[in-house]
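Okay, structure first, notes after.
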Amino acid sequence: MTFNLENIKKMMGWCPSVTPMGYTLNRQVDFENPSLIPSGRSNVEKFESNNILFAANTSVFTFCLIISLNLVLMLGRNLDYAVLIPILMLMYSLFYFLEVKMFQASISIDENGVHLKSFQLKDVLLNYSDIRSVKIFKLNKPSIAIIAIMLIIVVALLVFSVMTGEWKVIVSIAPMLPWYLLIKQRHDREKHNLDTQLFIESGKKKWWQFSPYYSVITDQLTASGIQDVIENHRGGE
């Protein structure tokens, strides 16, 4: 009996038009955010995402905003409009600059460590040997009731200022509305689904730091990717 080698190959599923390169597995996967970049080792070692915010930045910004508004409201009553309005323009311009820096926050992970960009307006590098744990929690957003109460307080303050003739208070607070709308528009355009909070515990806490945790607010997919890549590096040491 004569065996045709070509017929046997076709019966086994081999196709002459397919070269061995066709079976090569393409491991490069493109993510809009986050982006996973494979490196020389077998496991994914690099990670980068801009869809994050740092809780520490928000706390510092809120503290500066409250202090500045209190100073303006206390001292502004004794200032002429010619002096008060330039001060307000300078103050809100400074706050807008701080917000822009906060929106530039990003995280990247490579063989050198975890890079936190614009964390408290500076870049921070966390070495893997200093990281103790990485934990993920679902972020509790402010309820509608709390937001409504805050709006009622602001409206009541404005009404009281009108009734008592405190026009300088109104002039000081009024720019917050367009400024807030501008910030919210940019936030909705650049950040998406920030519903997860990730805590990176560092064993080296500086004397001026209140907590050894670096808090990152992001989406669920990015948080899981950050945790996996950090644990991969820590486990490979």
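Chain identifiers are assigned as A, B, and so on, following the order in which chains appear in the structure tokens; residues are numbered from 1 within each chain, and ligands are numbered from 1 in order of appearance.
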Could you list, with a cut-off of 8 Å and counting only C-alpha atoms, the residues of stretch 119-222 of chain A near stretch 65-78 of chain A, each shown with its nearest atom pair and the distance in Å rounded to one decimal, rows sorted by chain and ascending number, as a tab-separated table?
```
residue	atom	partner	partner_atom	distance
A:Lys168	CA	A:Arg77	CA	6.4
A:Val169	CA	A:Leu73	CA	6.1
A:Ser172	CA	A:Leu73	CA	7.2
```
Please produce a file of those selected residues containing N, CA and C atoms, as an mmCIF file, in the first residue's frame.
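As a result, out32.cif now contains:
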```
data_model
loop_
_atom_site.group_PDB
_atom_site.id
_atom_site.type_symbol
_atom_site.label_atom_id
_atom_site.label_comp_id
_atom_site.auth_asym_id
_atom_site.auth_seq_id
_atom_site.Cartn_x
_atom_site.Cartn_y
_atom_site.Cartn_z
ATOM 1 N N LYS A 168 -19.241 91.911 49.947
ATOM 2 C CA LYS A 168 -17.871 91.428 49.739
ATOM 3 C C LYS A 168 -17.783 89.912 49.944
ATOM 4 N N VAL A 169 -18.620 89.385 50.822
ATOM 5 C CA VAL A 169 -18.660 87.931 50.997
ATOM 6 C C VAL A 169 -19.172 87.267 49.727
ATOM 7 N N SER A 172 -16.586 87.297 47.084
ATOM 8 C CA SER A 172 -15.510 86.339 47.360
ATOM 9 C C SER A 172 -15.914 84.909 47.014
#
```
So that I can check the secondary structure, give me every residue of stretch 12-235 of chain A assigned helix (DSSP H, G or I) by backbone DSSP, as a ChimeraX atom specification. /A:20-23,55-78,81-103,128-130,144-164,167-173,176-190,220-235
Residues of stretch 57-116 of chain A that approach stretch 129-146 of chain A to 12 Å or less, counting only C-alpha atoms: could you list each one with the shortest pair of atoms and its distance in Å to one decimal, rows by chain and increasing residue number, as CSV?
```
residue,atom,partner,partner_atom,distance
A:Glu111,CA,A:Ser129,CA,11.9
A:Asn112,CA,A:Ser129,CA,10.6
A:Gly113,CA,A:Ser129,CA,9.0
A:Val114,CA,A:Ile131,CA,9.4
```
Would you save the residues of that selection, restricted to C-alpha atoms, as a PDB file, in the first residue's frame?
```
ATOM      1  CA  GLU A 111      12.013  47.277  37.612  1.00  0.00           C
ATOM      2  CA  ASN A 112      13.123  50.298  39.693  1.00  0.00           C
ATOM      3  CA  GLY A 113       9.957  50.568  41.767  1.00  0.00           C
ATOM      4  CA  VAL A 114       6.576  52.308  41.881  1.00  0.00           C
TER       5      VAL A 114
END
```
Could you pull out the strand (DSSP E or B) residues of stretch 10-214 of chain A, going by DSSP on the backbone, and write them as a PyMOL selection string? chain A and resi 35-37+46-49+53-54+106-110+113-119+122-126+131-138+196-202+213-214
Nearest to A:Trp167, chosen from A:Phe47, A:Tyr214, A:Tyr81, A:Ser93, with only C-alpha atoms counted in the distances: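 Of all the options, A:Tyr81 lies closest to A:Trp167.
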Exercise: A:Val229 partners within 8 Å, only C-alpha atoms, chain neighbours under 3 positions left out, as a CSV table (one decimal) with all heavy atoms, in the first residue's frame:
```csv
chain,number,residue,atom,x,y,z
A,44,VAL,N,4.5,40.0,33.3
A,44,VAL,CA,4.4,41.4,33.0
A,44,VAL,C,5.1,42.2,34.2
A,44,VAL,O,4.8,42.0,35.3
A,44,VAL,CB,2.9,41.8,32.9
A,44,VAL,CG1,2.8,43.3,32.8
A,44,VAL,CG2,2.3,41.1,31.7
A,45,GLU,N,5.9,43.1,33.8
A,45,GLU,CA,6.7,43.9,34.8
A,45,GLU,C,6.5,45.3,34.8
A,45,GLU,O,6.8,46.0,35.7
A,45,GLU,CB,8.2,43.6,34.6
A,45,GLU,CG,8.6,42.2,35.0
A,45,GLU,CD,10.1,42.1,35.0
A,45,GLU,OE1,10.8,42.9,34.4
A,45,GLU,OE2,10.7,41.1,35.5
A,46,LYS,N,5.9,45.9,33.7
A,46,LYS,CA,5.7,47.3,33.6
A,46,LYS,C,4.2,47.6,33.5
A,46,LYS,O,3.4,46.9,33.0
A,46,LYS,CB,6.4,47.8,32.4
A,46,LYS,CG,7.9,47.7,32.5
A,46,LYS,CD,8.6,48.4,31.3
A,46,LYS,CE,10.1,48.3,31.5
A,46,LYS,NZ,10.8,49.0,30.3
A,47,PHE,N,3.9,48.8,34.1
A,47,PHE,CA,2.5,49.2,34.2
A,47,PHE,C,2.5,50.7,34.2
A,47,PHE,O,3.3,51.3,34.8
A,47,PHE,CB,1.9,48.6,35.5
A,47,PHE,CG,0.4,48.9,35.6
A,47,PHE,CD1,-0.5,47.9,35.3
A,47,PHE,CD2,-0.1,50.1,36.0
A,47,PHE,CE1,-1.9,48.1,35.4
A,47,PHE,CE2,-1.5,50.3,36.1
A,47,PHE,CZ,-2.4,49.3,35.8
A,109,ILE,N,5.0,51.6,37.0
A,109,ILE,CA,5.7,50.6,37.7
A,109,ILE,C,6.7,49.9,36.7
A,109,ILE,O,6.4,49.5,35.6
A,109,ILE,CB,4.7,49.5,38.2
A,109,ILE,CG1,3.7,50.1,39.1
A,109,ILE,CG2,5.5,48.5,39.1
A,109,ILE,CD1,2.6,49.2,39.5
A,225,GLY,N,-4.7,45.8,38.4
A,225,GLY,CA,-3.4,45.7,37.6
A,225,GLY,C,-2.2,46.2,38.5
A,225,GLY,O,-1.2,45.6,38.4
A,226,ILE,N,-2.4,47.3,39.2
A,226,ILE,CA,-1.4,47.8,40.1
A,226,ILE,C,-1.0,46.8,41.1
A,226,ILE,O,0.2,46.5,41.4
A,226,ILE,CB,-1.8,49.1,40.7
A,226,ILE,CG1,-2.0,50.2,39.7
A,226,ILE,CG2,-0.8,49.6,41.8
A,226,ILE,CD1,-2.6,51.5,40.2
A,232,ASN,N,3.9,40.8,41.9
A,232,ASN,CA,4.7,40.1,41.0
A,232,ASN,C,6.2,40.5,41.3
A,232,ASN,O,7.1,39.6,41.4
A,232,ASN,CB,4.4,40.3,39.6
A,232,ASN,CG,5.3,39.6,38.6
A,232,ASN,OD1,5.4,38.3,38.6
A,232,ASN,ND2,6.1,40.3,37.8
A,233,HIS,N,6.5,41.8,41.4
A,233,HIS,CA,7.8,42.2,41.6
A,233,HIS,C,8.3,41.8,43.0
A,233,HIS,O,9.4,41.4,43.2
A,233,HIS,CB,7.9,43.7,41.5
A,233,HIS,CG,8.1,44.2,40.0
A,233,HIS,ND1,9.3,44.1,39.4
A,233,HIS,CD2,7.2,44.7,39.1
A,233,HIS,CE1,9.2,44.6,38.2
A,233,HIS,NE2,7.9,45.0,38.0
```
What lies within 12 Å of A:Thr62 using only C-alpha atoms, ignoring chain neighbours under 6 positions off, as JSON, numbers by chain? {"A": [55, 56, 68, 69, 95, 98, 99]}
Check the smallest atom-to-atom distance from each of A:Asp80, A:Glu166, A:Glu48, A:Asp219 to A:Leu116 using only C-alpha atoms, then report the winner.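 Selected residue with least distance to A:Leu116: A:Glu48.
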List as JSON lines every residue of stretch 67-103 of chain A that is in contact with stretch 117-127 of chain A, defined as an atom at most 9 Å from one of its atoms (using only C-alpha atoms), together with the nearest atom pair and the distance in Å rounded to one decimal, sorted by chain and then rising number.
```
{"residue": "A:Leu98", "atom": "CA", "partner": "A:Leu121", "partner_atom": "CA", "distance": 8.2}
{"residue": "A:Lys101", "atom": "CA", "partner": "A:Ser118", "partner_atom": "CA", "distance": 6.7}
{"residue": "A:Met102", "atom": "CA", "partner": "A:Ser118", "partner_atom": "CA", "distance": 6.6}
{"residue": "A:Phe103", "atom": "CA", "partner": "A:Ser118", "partner_atom": "CA", "distance": 8.7}
```
Taking N, CA, C and O atoms for each residue, export the selection above as a tab-separated table (two decimals), in the first residue's frame.
```tsv
chain	number	residue	atom	x	y	z
A	98	LEU	N	-3.10	74.48	40.87
A	98	LEU	CA	-2.95	73.30	41.72
A	98	LEU	C	-3.83	72.16	41.22
A	98	LEU	O	-3.41	70.99	41.22
A	101	LYS	N	-2.19	70.52	38.23
A	101	LYS	CA	-1.12	69.62	38.67
A	101	LYS	C	-1.69	68.32	39.21
A	101	LYS	O	-1.13	67.24	38.98
A	102	MET	N	-2.82	68.40	39.91
A	102	MET	CA	-3.44	67.20	40.44
A	102	MET	C	-3.95	66.29	39.32
A	102	MET	O	-3.87	65.06	39.42
A	103	PHE	N	-4.46	66.89	38.24
A	103	PHE	CA	-4.95	66.09	37.12
A	103	PHE	C	-3.81	65.43	36.35
A	103	PHE	O	-4.05	64.51	35.56
```
